[in-house]
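Student: My structure is in upload.txt, and what it holds is compact mmCIF, C-alpha atoms:
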```
# COMPACT_ATOMS: atom_id res chain seq x y z
CA MET A 1490 -14.33 -54.48 -14.60
CA SER A 1491 -11.15 -53.81 -12.74
CA ASP A 1492 -8.41 -51.59 -14.09
CA PRO A 1493 -6.38 -53.56 -16.67
CA LEU A 1494 -3.20 -51.69 -15.77
CA GLN A 1495 -3.55 -52.68 -12.12
CA ALA A 1496 -4.09 -56.26 -13.30
CA THR A 1497 -0.88 -55.96 -15.35
CA LEU A 1498 1.08 -54.99 -12.25
CA LYS A 1499 -0.42 -57.94 -10.38
CA ILE A 1500 0.50 -60.39 -13.14
CA GLY A 1501 4.01 -59.00 -13.36
CA ALA A 1502 4.44 -59.34 -9.61
CA SER A 1503 3.31 -62.98 -9.73
CA GLY A 1504 5.87 -63.60 -12.48
CA LEU A 1505 8.65 -61.97 -10.47
CA GLN A 1506 7.79 -64.06 -7.45
CA ALA A 1507 7.75 -67.31 -9.43
CA GLN A 1508 11.06 -66.58 -11.15
CA SER A 1509 12.80 -65.58 -7.92
CA LEU A 1510 11.66 -68.81 -6.29
CA ARG A 1511 13.10 -70.64 -9.29
CA LEU A 1512 16.41 -68.84 -8.72
CA ARG A 1513 16.32 -69.93 -5.07
CA VAL A 1514 15.87 -73.57 -6.06
CA ILE A 1515 18.77 -73.28 -8.52
CA ALA A 1516 21.00 -71.78 -5.82
CA GLU A 1517 20.06 -74.66 -3.53
CA ASN A 1518 21.02 -77.20 -6.20
CA MET A 1519 24.33 -75.49 -6.94
CA ALA A 1520 25.25 -75.18 -3.26
CA ASN A 1521 24.53 -78.87 -2.71
CA ALA A 1522 26.24 -80.16 -5.85
CA GLN A 1523 28.70 -82.16 -3.72
CA SER A 1524 26.54 -83.01 -0.70
CA THR A 1525 26.76 -86.72 0.00
CA GLY A 1526 25.17 -88.74 2.76
CA ARG A 1527 26.97 -89.27 6.07
CA THR A 1528 26.50 -93.00 6.57
CA PRO A 1529 27.52 -95.85 4.25
CA GLY A 1530 25.09 -96.37 1.39
CA SER A 1531 22.92 -93.35 2.30
CA ASP A 1532 21.30 -91.17 -0.35
CA PRO A 1533 23.02 -87.90 -1.35
CA TYR A 1534 21.24 -84.61 -2.02
CA THR A 1535 18.66 -84.95 -4.80
CA ARG A 1536 18.33 -82.23 -7.40
CA LYS A 1537 15.13 -80.20 -7.04
CA VAL A 1538 13.10 -78.92 -9.96
CA MET A 1539 10.08 -76.64 -9.89
CA SER A 1540 7.21 -76.37 -12.31
CA PHE A 1541 4.90 -73.47 -13.11
CA GLU A 1542 1.19 -73.40 -13.71
CA SER A 1543 -1.20 -70.77 -14.95
CA GLU A 1544 -3.77 -69.52 -12.48
CA VAL A 1545 -6.77 -67.48 -13.56
CA ASP A 1546 -7.54 -64.60 -11.25
CA GLU A 1547 -11.34 -64.26 -11.31
CA ALA A 1548 -11.48 -60.66 -10.11
CA ALA A 1549 -9.06 -59.33 -12.70
CA SER A 1550 -9.73 -62.02 -15.38
CA ALA A 1551 -5.99 -62.36 -15.80
CA ASN A 1552 -3.54 -65.22 -16.17
CA LEU A 1553 -1.37 -65.14 -13.08
CA VAL A 1554 1.49 -67.60 -12.76
CA ARG A 1555 1.89 -69.87 -9.78
CA VAL A 1556 4.49 -72.35 -8.64
CA ALA A 1557 2.89 -75.76 -9.08
CA GLY A 1558 5.37 -77.46 -6.78
CA ILE A 1559 8.99 -78.31 -6.12
CA GLU A 1560 9.76 -81.93 -6.97
CA ARG A 1561 12.77 -84.16 -6.73
CA HIS A 1562 14.49 -84.84 -10.01
CA ARG A 1563 14.35 -88.47 -11.09
CA ALA A 1564 17.75 -88.70 -12.80
CA PRO A 1565 20.10 -91.38 -11.39
CA TYR A 1566 22.85 -90.36 -8.98
CA ARG A 1567 26.46 -90.13 -10.10
CA VAL A 1568 28.63 -92.91 -8.68
CA GLU A 1569 32.31 -92.54 -7.92
CA HIS A 1570 34.84 -94.92 -6.49
CA MET A 1571 36.12 -93.33 -3.28
CA PRO A 1572 36.94 -95.96 -0.67
CA GLY A 1573 37.30 -94.47 2.78
CA HIS A 1574 34.63 -91.85 2.23
CA PRO A 1575 32.09 -91.84 5.09
CA ALA A 1576 29.26 -92.52 2.62
CA ALA A 1577 31.08 -95.26 0.67
CA ASP A 1578 29.35 -98.63 0.51
CA ALA A 1579 31.06 -102.05 0.94
CA GLN A 1580 32.62 -101.87 -2.53
CA GLY A 1581 33.91 -98.34 -1.98
CA PHE A 1582 31.39 -96.58 -4.24
CA VAL A 1583 29.97 -93.22 -3.19
CA ARG A 1584 26.74 -91.88 -4.62
CA LEU A 1585 26.95 -88.19 -5.51
CA PRO A 1586 24.04 -85.78 -6.19
CA ASN A 1587 22.45 -85.81 -9.66
CA VAL A 1588 23.19 -82.10 -10.07
CA ASP A 1589 24.86 -80.92 -13.28
CA LEU A 1590 26.35 -77.47 -12.77
CA VAL A 1591 26.17 -76.62 -16.48
CA VAL A 1592 22.45 -77.36 -16.56
CA GLU A 1593 21.93 -75.27 -13.44
CA ALA A 1594 23.89 -72.36 -14.92
CA ALA A 1595 21.80 -72.48 -18.09
CA ASP A 1596 18.62 -72.61 -16.04
CA MET A 1597 19.81 -69.63 -14.02
CA ARG A 1598 20.31 -67.57 -17.17
CA GLU A 1599 16.80 -68.43 -18.29
CA ALA A 1600 15.30 -67.48 -14.93
CA ASN A 1601 17.21 -64.21 -15.11
CA ARG A 1602 15.91 -63.46 -18.56
CA SER A 1603 12.30 -64.21 -17.59
CA TYR A 1604 12.65 -62.01 -14.49
CA GLU A 1605 13.86 -59.13 -16.63
CA ALA A 1606 10.98 -59.55 -19.06
CA ASN A 1607 8.45 -59.43 -16.21
CA LEU A 1608 10.16 -56.35 -14.82
CA GLN A 1609 9.91 -54.70 -18.25
CA ALA A 1610 6.16 -55.39 -18.43
CA ILE A 1611 5.69 -53.79 -14.99
CA LYS A 1612 7.83 -50.81 -15.96
CA GLN A 1613 5.80 -50.16 -19.10
CA ALA A 1614 2.49 -50.44 -17.26
CA ARG A 1615 3.73 -47.91 -14.70
CA GLU A 1616 4.84 -45.63 -17.50
CA MET A 1617 1.37 -45.84 -19.03
CA ILE A 1618 -0.21 -44.93 -15.70
CA SER A 1619 2.06 -41.93 -15.30
CA MET A 1620 1.34 -40.85 -18.88
CA THR A 1621 -2.37 -40.84 -18.03
CA LEU A 1622 -1.71 -38.81 -14.92
CA ASP A 1623 0.40 -36.40 -16.97
CA MET A 1624 -2.69 -35.46 -18.97
CA LEU A 1625 -4.04 -33.76 -15.85
CA ARG A 1626 -0.93 -31.71 -15.41
CA SER A 1627 -1.27 -28.23 -16.86
CA SER A 1628 1.36 -27.54 -19.48
CA MET B 793 -15.84 -34.16 -28.60
CA GLN B 794 -15.34 -37.41 -30.43
CA ILE B 795 -11.56 -37.22 -30.25
CA PHE B 796 -11.55 -37.65 -26.46
CA ASP B 797 -13.96 -40.56 -26.73
CA ILE B 798 -11.81 -42.40 -29.26
CA VAL B 799 -8.63 -41.64 -27.31
CA SER B 800 -10.02 -43.00 -24.06
CA ARG B 801 -11.43 -46.05 -25.82
CA HIS B 802 -8.13 -46.77 -27.54
CA ASN B 803 -6.23 -46.31 -24.29
CA ASN B 804 -8.56 -48.73 -22.58
CA TRP B 805 -7.95 -51.24 -25.35
CA LEU B 806 -4.20 -50.73 -25.05
CA ALA B 807 -4.34 -51.30 -21.29
CA VAL B 808 -6.19 -54.58 -21.86
CA ARG B 809 -3.58 -55.55 -24.44
CA GLN B 810 -0.79 -54.78 -21.98
CA THR B 811 -2.54 -57.08 -19.48
CA ALA B 812 -2.57 -59.87 -22.08
CA VAL B 813 1.13 -59.30 -22.81
CA ALA B 814 2.02 -59.34 -19.10
CA GLY B 815 0.08 -62.58 -18.69
CA ASN B 816 2.02 -64.14 -21.56
CA ILE B 817 5.36 -63.02 -20.13
CA ALA B 818 4.53 -64.27 -16.64
CA ASN B 819 3.55 -67.64 -18.09
CA ALA B 820 6.55 -67.93 -20.40
CA ASN B 821 7.68 -71.06 -18.51
CA THR B 822 4.29 -72.62 -17.82
CA PRO B 823 3.95 -75.96 -19.59
CA GLY B 824 1.16 -76.06 -22.15
CA PHE B 825 0.32 -72.34 -21.90
CA ARG B 826 -0.80 -70.75 -25.18
CA ALA B 827 0.00 -67.10 -25.90
CA GLN B 828 -3.00 -64.77 -26.02
CA ASP B 829 -3.78 -61.45 -27.60
CA VAL B 830 -6.82 -59.16 -27.75
CA GLN B 831 -8.90 -58.60 -30.86
CA PRO B 832 -7.69 -55.81 -33.15
CA PHE B 833 -8.93 -52.35 -32.21
CA GLU B 834 -10.66 -51.81 -35.57
CA MET B 835 -12.85 -54.81 -34.88
CA ALA B 836 -13.61 -53.63 -31.36
CA VAL B 837 -14.70 -50.22 -32.68
CA GLU B 838 -16.86 -51.68 -35.44
CA GLN B 839 -18.63 -53.99 -33.08
CA ALA B 840 -19.28 -51.30 -30.50
CA ARG B 841 -22.93 -50.39 -30.70
CA LEU B 842 -24.91 -47.81 -28.81
CA ALA B 843 -26.25 -49.21 -25.58
CA MET B 844 -30.02 -48.98 -25.13
CA ALA B 845 -31.22 -46.96 -22.21
CA ALA B 846 -32.81 -48.98 -19.41
CA THR B 847 -35.25 -46.87 -17.45
CA GLN B 848 -36.93 -49.81 -15.72
CA PRO B 849 -35.19 -52.68 -13.95
CA GLY B 850 -37.04 -55.15 -16.19
CA HIS B 851 -35.66 -53.70 -19.43
CA LEU B 852 -33.39 -55.92 -21.47
CA SER B 853 -30.02 -54.52 -22.40
CA SER B 854 -28.07 -55.28 -25.56
CA GLY B 855 -24.96 -56.12 -23.59
CA PRO B 856 -22.04 -53.93 -22.69
CA PRO B 857 -20.84 -51.96 -25.73
CA ASP B 858 -17.16 -52.28 -24.89
CA ALA B 859 -17.15 -56.07 -24.45
CA PRO B 860 -15.37 -57.01 -27.74
CA ALA B 861 -12.21 -55.19 -26.60
CA MET B 862 -11.88 -57.71 -23.79
CA GLU B 863 -12.17 -60.75 -26.00
CA VAL B 864 -9.05 -62.81 -26.17
CA ARG B 865 -7.92 -64.69 -29.22
CA ARG B 866 -5.19 -67.17 -29.92
CA GLU B 867 -2.30 -65.82 -31.82
CA ASN B 868 0.30 -66.98 -34.30
CA PRO B 869 3.45 -67.93 -32.44
CA TRP B 870 7.08 -67.53 -33.38
CA GLU B 871 8.17 -70.65 -31.59
CA ILE B 872 6.68 -73.61 -29.78
CA THR B 873 8.66 -75.40 -27.11
CA HIS B 874 8.50 -79.09 -26.34
CA SER B 875 5.98 -78.60 -23.53
CA GLY B 876 3.48 -76.95 -25.89
CA ASN B 877 4.16 -73.44 -24.59
CA ASN B 878 4.28 -70.98 -27.48
CA VAL B 879 5.24 -67.73 -25.69
CA SER B 880 8.17 -65.92 -27.28
CA LEU B 881 9.60 -63.29 -24.93
CA GLU B 882 11.00 -61.22 -27.81
CA GLN B 883 7.61 -61.08 -29.50
CA GLU B 884 5.89 -60.10 -26.26
CA LEU B 885 8.38 -57.33 -25.47
CA LEU B 886 7.96 -56.03 -29.02
CA LYS B 887 4.20 -55.90 -28.47
CA ALA B 888 4.67 -54.16 -25.12
CA GLY B 889 6.81 -51.51 -26.82
CA GLU B 890 4.15 -51.03 -29.48
CA VAL B 891 1.47 -50.58 -26.81
CA ASN B 892 3.61 -48.08 -24.96
CA ARG B 893 4.25 -45.99 -28.08
CA ALA B 894 0.57 -45.91 -29.04
CA PHE B 895 -0.39 -44.96 -25.49
CA ARG B 896 2.08 -42.09 -25.51
CA LEU B 897 0.72 -40.86 -28.84
CA ASN B 898 -2.85 -40.97 -27.54
CA THR B 899 -2.13 -39.07 -24.36
CA SER B 900 -0.17 -36.46 -26.30
CA VAL B 901 -3.02 -35.99 -28.76
CA ALA B 902 -5.54 -35.63 -25.95
CA LYS B 903 -3.29 -33.14 -24.21
CA ALA B 904 -2.84 -31.08 -27.37
CA PHE B 905 -6.58 -30.93 -28.01
CA HIS B 906 -7.24 -30.04 -24.42
CA ARG B 907 -4.78 -27.19 -24.70
CA MET B 908 -6.54 -26.00 -27.85
CA ILE B 909 -9.88 -25.93 -26.06
CA LEU B 910 -8.40 -24.04 -23.14
CA THR B 911 -6.86 -21.50 -25.49
CA GLY B 912 -10.22 -21.03 -27.17
CA SER B 913 -12.01 -20.42 -23.90
CA ARG B 914 -9.44 -17.89 -22.76
CA VAL B 915 -10.03 -15.51 -25.67
```
Rewrite the structure of this file - the entire thing - as structure tokens.
Tutor:
Amino acid sequence: MSDPLQATLKIGASGLQAQSLRLRVIAENMANAQSTGRTPGSDPYTRKVMSFESEVDEAASANLVRVAGIERHRAPYRVEHMPGHPAADAQGFVRLPNVDLVVEAADMREANRSYEANLQAIKQAREMISMTLDMLRSS
Amino acid sequence: MQIFDIVSRHNNWLAVRQTAVAGNIANANTPGFRAQDVQPFEMAVEQARLAMAATQPGHLSSGPPDAPAMEVRRENPWEITHSGNNVSLEQELLKAGEVNRAFRLNTSVAKAFHRMILTGSRV
């Protein structure tokens, strides 16, 4: 059996990695909230969403977390009437990305909170390791 | 010295519990993931039996004595989200704090007893 505390650190690290990737995807969405196509009738930027999945690590018998994949969101694009825009179609309608900044901001807060929780789990495991080592120290 | 045995066994159980908590926290956003916890320590101690000595490779063993501490059970959740995930971060952090406190107590007790033994041997 491997050391459970080492397994804890490994799980926490996988959580940190997954949540930071989530933050990257959110930043991408926010940055591209106004990115339209360049030619008439072309598609604008599509909102990306990522999903998580649980992965069992055989050696440590632990539930690591893994990014299952980054997909395109299926919500319809916003349409605005802007004749003269490079991406406007024959009727003057421009398709804008299906990104809602409020939703992204809320998602960002959640990612932040999950990241902090993972960090806390790692911190406590490290504290436990150092407490064990402290037993060796002569007092 | 039974006190050192029970301390090390409890610390091992706490470390396993911390692993379960970390797994729950890491999977707080995984769809369909169910929160897990280890069996209570009292149960793990009661079920621990003495292992039989195996002097020949053909001897049967009665299984590892510390196996029940590793067993994982489902637990009662505070909240269930739409995706079927029932991890509550607050609950998990509360559990992590509990584990940390118990671990600190155990190491302090072991340290104190160790000091007592050392004092006795010095006389």
Student: Kindly give the distance, in Å, that separates atom CA of A:Ile1515 and atom CA of A:Phe1541, rounded to a single decimal.
Tutor: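 So the answer is 14.6 Å.
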Student: Nearest residue to A:Thr1535 out of A:Asp1596, A:Glu1547, A:Glu1560, A:Asp1578, using only C-alpha atoms?
Tutor: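 Comparing A:Asp1596, A:Glu1547, A:Glu1560, A:Asp1578 against A:Thr1535, the winner is A:Glu1560.
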Student: Any chance you could tabulate, as a tab-separated table, the residues of chain B at most 6 Å from chain A with each one's nearest atom pair and distance in Å to one decimal, using all atoms listed in the file, in chain and rising number order?
Tutor:
```
residue	atom	partner	partner_atom	distance
B:Ala807	CA	A:Pro1493	CA	5.5
B:Val808	CA	A:Pro1493	CA	5.3
B:Thr811	CA	A:Thr1497	CA	4.6
B:Ala814	CA	A:Ala1610	CA	5.8
B:Gly815	CA	A:Asn1552	CA	5.1
B:Ala818	CA	A:Gly1504	CA	4.4
B:Asn819	CA	A:Val1554	CA	5.7
B:Thr822	CA	A:Phe1541	CA	4.8
B:Lys903	CA	A:Met1624	CA	5.8
```
Student: Please produce a file of those selected residues containing C-alpha atoms, as a compact mmCIF listing (two decimals), keeping the file's coordinate frame.
Tutor:
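Contents of again.txt, as written:
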```txt
# COMPACT_ATOMS: atom_id res chain seq x y z
CA ALA B 807 -4.34 -51.30 -21.29
CA VAL B 808 -6.19 -54.58 -21.86
CA THR B 811 -2.54 -57.08 -19.48
CA ALA B 814 2.02 -59.34 -19.10
CA GLY B 815 0.08 -62.58 -18.69
CA ALA B 818 4.53 -64.27 -16.64
CA ASN B 819 3.55 -67.64 -18.09
CA THR B 822 4.29 -72.62 -17.82
CA LYS B 903 -3.29 -33.14 -24.21
```
Student: Considering all atoms listed in the file, state which residue in the set A:Val1591, A:Gln1580, A:Ala1548, A:Arg1536 is at the smallest distance from A:Tyr1566.
Tutor: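 Looking only at the distances to A:Tyr1566, the closest residue turns out to be A:Arg1536.
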Student: Might you pull out every residue within 12 Å of A:Ala1576, with all atoms listed in the file counted and same-chain residues fewer than 6 positions away left off, and present them as a list in words?
Tutor: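 What passes the distance filter is Ser1524, Thr1525, Gly1526, Arg1527, Thr1528, Pro1529, Gly1530, Ser1531, Asp1532, Pro1533, Val1568, Glu1569, His1570, Phe1582, Val1583, Arg1584 and Leu1585 of chain A.
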Student: Output, as AutoDock Vina command-line options, the centre and edge lengths in Å (one decimal) of the axis-aligned box that contains all listed atoms of stretch 888-892 of chain B with 6 Å of margin on each side.
Tutor:
```
--center_x 4.1 --center_y -51.1 --center_z -27.2 --size_x 17.3 --size_y 18.1 --size_z 16.5
```
Student: Enter the distance from atom CA of B:Gln794 to atom CA of B:Thr911, in Å, rounded to one decimal.
Tutor: 18.7 Å
Student: Between atom CA of A:Arg1567 and atom CA of A:Pro1586, what distance in Å does the model show, to one decimal?
Tutor: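 One can read the atom CA of A:Arg1567 to atom CA of A:Pro1586 distance as 6.3 Å.
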Student: Calculated over only C-alpha atoms, which of the candidates A:Leu1510, A:Ala1516, A:Val1588, A:Ala1577 has the smallest distance to A:Arg1563?
Tutor: A:Val1588
Student: Counting all atoms listed in the file, which residue out of B:Asn892, B:Asn821, B:His802, B:Ala846 sits closest to B:Glu834?
Tutor: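 Of B:Asn892, B:Asn821, B:His802, B:Ala846, the one nearest B:Glu834 is B:His802, counting all atoms listed in the file.
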Student: Using all atoms listed in the file, find the one residue out of B:Ile817, B:Ala812, B:Val799, B:Ile909 that sits nearest to B:Phe895.
Tutor: B:Val799
Student: Pick out the residues sitting within 7 Å of stretch 1537-1539 of chain A, and hand them over as a PyMOL selection string; count only C-alpha atoms, and ignore anything fewer than 6 positions along from it in its own chain.
Tutor: chain A and resi 1511+1514+1518+1558-1562
